[in-house]
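Structure, as structure tokens:
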Amino acid sequence: MPKSKKQLTQCAVRIGYGWDSHEFKAGVPLKIGGITLPHSHGLGGHSDGDVLLHALTDALLGALAAPDRGTLFSPSDAKWKGADSALFLLEALKRVKAAGYSIANVDSTLILLAPKIGPHAAAIRARLAELLGIAPDCIGIKAKTPEGMGTDNAAIAHAVVLLQLDTGRKSGQSKARKK
Ligand SMILES: [Zn+2]
């Protein structure tokens, strides 16, 4: 094993989990799962506030035991102000592929009072499928309201992802097959 770069232990599967929350804010577009939903309020935050993409990004990074999103894309860095959160997700995905893994499936739960996610779930799933390069039926989108949690002014997202080691790739090949 080269000393310069520590290779990730290539277990057959790796699970990752991510969580995020953002407060609703007037005057900004509501971005959830990479699409803009019609609503009176958006989500505040340094980037575009896409709570679902943030949770998914952290799930991917967590599966790789990589530093989390806040470490890789520091909120104090002006570069990420208003950034499209798809950039974060795609960077995490790049790391997944470089480590020799692909995504088996993802599942997620959104917790927010409004708007209703059901009518938009198919569009969110389609956008995530496009971003992640997996089939829409490998993506779970669930939503519920925050009963008794006192978080009516926030949107919360939980996400889990399962990575599988790419078949036919042995340890060390990831470096040779640089893209
Ligand atoms: Zn966030």
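Labels used: A, B, ... for chains in the order of the structure tokens, numbers from 1 for residues in each chain, and numbers from 1 for ligands as shown.
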
DSSP helix (DSSP H, G or I) residues within chain A, as a PyMOL selection string: chain A and resi 51-63+69-72+78-80+86-98+118-132+136-138+173-176

Output the selection as a CSV table (one decimal), in the first residue's frame - C-alpha atoms for each residue.
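Once written, selection.csv looks like this:
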chain,number,residue,atom,x,y,z
A,51,VAL,CA,-31.9,20.0,3.1
A,52,LEU,CA,-32.3,16.7,1.3
A,53,LEU,CA,-29.3,17.1,-0.9
A,54,HIS,CA,-27.3,18.0,2.2
A,55,ALA,CA,-28.4,14.9,4.1
A,56,LEU,CA,-27.7,12.7,1.0
A,57,THR,CA,-24.3,14.3,0.6
A,58,ASP,CA,-23.4,13.5,4.2
A,59,ALA,CA,-24.7,10.0,3.9
A,60,LEU,CA,-22.4,9.4,0.9
A,61,LEU,CA,-19.4,10.9,2.7
A,62,GLY,CA,-20.3,9.0,5.9
A,63,ALA,CA,-20.3,5.7,4.0
A,69,ARG,CA,-19.9,18.3,4.2
A,70,GLY,CA,-19.3,21.2,6.6
A,71,THR,CA,-15.6,20.3,6.7
A,72,LEU,CA,-15.3,19.9,2.9
A,78,ALA,CA,-17.7,32.8,0.5
A,79,LYS,CA,-17.3,30.4,-2.5
A,80,TRP,CA,-20.3,28.4,-1.3
A,86,ALA,CA,-26.0,19.5,-6.4
A,87,LEU,CA,-22.3,20.5,-6.5
A,88,PHE,CA,-21.8,19.0,-3.0
A,89,LEU,CA,-23.6,15.9,-3.9
A,90,LEU,CA,-21.6,15.4,-7.1
A,91,GLU,CA,-18.4,15.9,-5.3
A,92,ALA,CA,-19.4,13.2,-2.8
A,93,LEU,CA,-20.4,10.9,-5.6
A,94,LYS,CA,-17.0,11.5,-7.3
A,95,ARG,CA,-15.4,10.3,-4.1
A,96,VAL,CA,-17.6,7.2,-4.0
A,97,LYS,CA,-16.6,6.2,-7.5
A,98,ALA,CA,-12.9,6.9,-6.8
A,118,GLY,CA,-46.3,13.8,-2.2
A,119,PRO,CA,-47.2,15.7,-5.4
A,120,HIS,CA,-43.5,16.5,-6.0
A,121,ALA,CA,-42.0,13.1,-4.9
A,122,ALA,CA,-41.8,11.8,-8.5
A,123,ALA,CA,-40.0,14.9,-9.7
A,124,ILE,CA,-37.6,14.8,-6.8
A,125,ARG,CA,-36.9,11.1,-7.4
A,126,ALA,CA,-36.3,11.8,-11.1
A,127,ARG,CA,-33.8,14.6,-10.3
A,128,LEU,CA,-32.0,12.5,-7.7
A,129,ALA,CA,-31.8,9.6,-10.2
A,130,GLU,CA,-30.3,11.9,-12.7
A,131,LEU,CA,-27.7,13.4,-10.2
A,132,LEU,CA,-26.8,10.0,-8.7
A,136,PRO,CA,-35.5,6.1,-9.8
A,137,ASP,CA,-36.8,3.0,-8.1
A,138,CYS,CA,-33.5,2.8,-6.2
A,173,GLN,CA,-7.7,-0.6,-9.7
A,174,SER,CA,-9.4,2.6,-8.8
A,175,LYS,CA,-6.2,4.5,-9.2
A,176,ALA,CA,-5.3,2.9,-12.5

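Near ligand 1, at a distance of at most 7 Å and with only C-alpha atoms and all ligand atoms counted, sit the residues Asp20, Ser21, His22, Gly45, Gly49, Asp50, Val51 and His54 of chain A.
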
Write out the residues from the selection above, keeping C-alpha atoms, as a PDB file, in the first residue's frame.
ATOM      1  CA  ASP A  20     -29.768  18.016   8.076  1.00  0.00           C
ATOM      2  CA  SER A  21     -32.154  20.808   9.003  1.00  0.00           C
ATOM      3  CA  HIS A  22     -32.817  24.322   7.766  1.00  0.00           C
ATOM      4  CA  GLY A  45     -28.617  28.663   4.849  1.00  0.00           C
ATOM      5  CA  GLY A  49     -30.478  25.393   1.696  1.00  0.00           C
ATOM      6  CA  ASP A  50     -31.398  22.131  -0.029  1.00  0.00           C
ATOM      7  CA  VAL A  51     -31.889  20.050   3.088  1.00  0.00           C
ATOM      8  CA  HIS A  54     -27.268  18.020   2.173  1.00  0.00           C
TER       9      HIS A  54
END

Among the residues A:Ala143, A:Met149, A:Ile35, A:Leu163, the one that comes closest to Ile103 in chain A [using only C-alpha atoms]: A:Leu163

Strand (DSSP E) positions in range 126-161 of chain A, given as a ChimeraX atom specification: /A:139-144,154-161

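Considering the residues A:Val28, A:Leu162, A:Ala135, A:Ala154 and counting only C-alpha atoms, Ser47 in chain A has its shortest atom-to-atom contact with A:Val28.
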
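For the choices A:Gly82, A:Gly27, A:Pro38, A:Gly33, the atom-to-atom distance to Ile141 in chain A is smallest for A:Gly33 when using only C-alpha atoms.
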
Within 8 Å of Leu112 in chain A using only C-alpha atoms, minus same-chain residues under 4 positions, as a PyMOL selection string: chain A and resi 143-146+151-156

Can those selected residues be exported to a file as a short mmCIF file (atom, residue, chain, number, x, y, z; two decimals), in the first residue's frame so that it contains C-alpha atoms?
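The resulting file, part06.cif, is shown below:
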data_model
loop_
_atom_site.label_atom_id
_atom_site.label_comp_id
_atom_site.auth_asym_id
_atom_site.auth_seq_id
_atom_site.Cartn_x
_atom_site.Cartn_y
_atom_site.Cartn_z
CA ALA A 143 -42.33 12.74 4.01
CA LYS A 144 -44.14 13.42 7.24
CA THR A 145 -45.23 16.38 9.33
CA PRO A 146 -43.40 17.20 12.57
CA THR A 151 -40.10 22.26 14.47
CA ASP A 152 -42.91 23.70 12.36
CA ASN A 153 -40.62 26.42 11.00
CA ALA A 154 -37.92 24.02 9.86
CA ALA A 155 -37.40 21.33 7.27
CA ILE A 156 -35.50 18.23 8.37
#

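Computed from the coordinates, the CA of Cys11 in chain A to CA of Val106 in chain A distance equals 18.1 Å.
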
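The list of residues with at least one atom within 6 Å of Val161 in chain A, based on only C-alpha atoms and without residues fewer than 5 positions apart in the same chain, reads Ile15, Gly16, Asn105 and Val106 of chain A.
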
Can I get the selection written as a PDB file, in the first residue's frame, with N, CA, C and O atoms?
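Saved the output as part-v3.pdb:
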ATOM      1  N   ILE A  15     -22.631   1.291   4.471  1.00  0.00           N
ATOM      2  CA  ILE A  15     -23.854   2.063   4.678  1.00  0.00           C
ATOM      3  C   ILE A  15     -23.480   3.459   5.137  1.00  0.00           C
ATOM      4  O   ILE A  15     -22.456   3.649   5.806  1.00  0.00           O
ATOM      5  N   GLY A  16     -24.276   4.435   4.739  1.00  0.00           N
ATOM      6  CA  GLY A  16     -24.022   5.810   5.167  1.00  0.00           C
ATOM      7  C   GLY A  16     -25.313   6.460   5.622  1.00  0.00           C
ATOM      8  O   GLY A  16     -26.392   6.141   5.117  1.00  0.00           O
ATOM      9  N   ASN A 105     -28.709   1.668  -3.358  1.00  0.00           N
ATOM     10  CA  ASN A 105     -29.972   2.407  -3.229  1.00  0.00           C
ATOM     11  C   ASN A 105     -29.841   3.465  -2.151  1.00  0.00           C
ATOM     12  O   ASN A 105     -28.886   3.459  -1.372  1.00  0.00           O
ATOM     13  N   VAL A 106     -30.781   4.395  -2.150  1.00  0.00           N
ATOM     14  CA  VAL A 106     -30.841   5.390  -1.085  1.00  0.00           C
ATOM     15  C   VAL A 106     -32.274   5.451  -0.568  1.00  0.00           C
ATOM     16  O   VAL A 106     -33.219   5.099  -1.270  1.00  0.00           O
TER      17      VAL A 106
END

Residue among A:Ser40, A:Leu64, A:Ser102, A:Gly18 lying closest to Ala159 in chain A, counting only C-alpha atoms: A:Gly18

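Restricting the calculation to only C-alpha atoms, the smallest distance between His41 in chain A and any of A:Ala83, A:Ala99, A:Thr167, A:Pro115 is found for A:Pro115.
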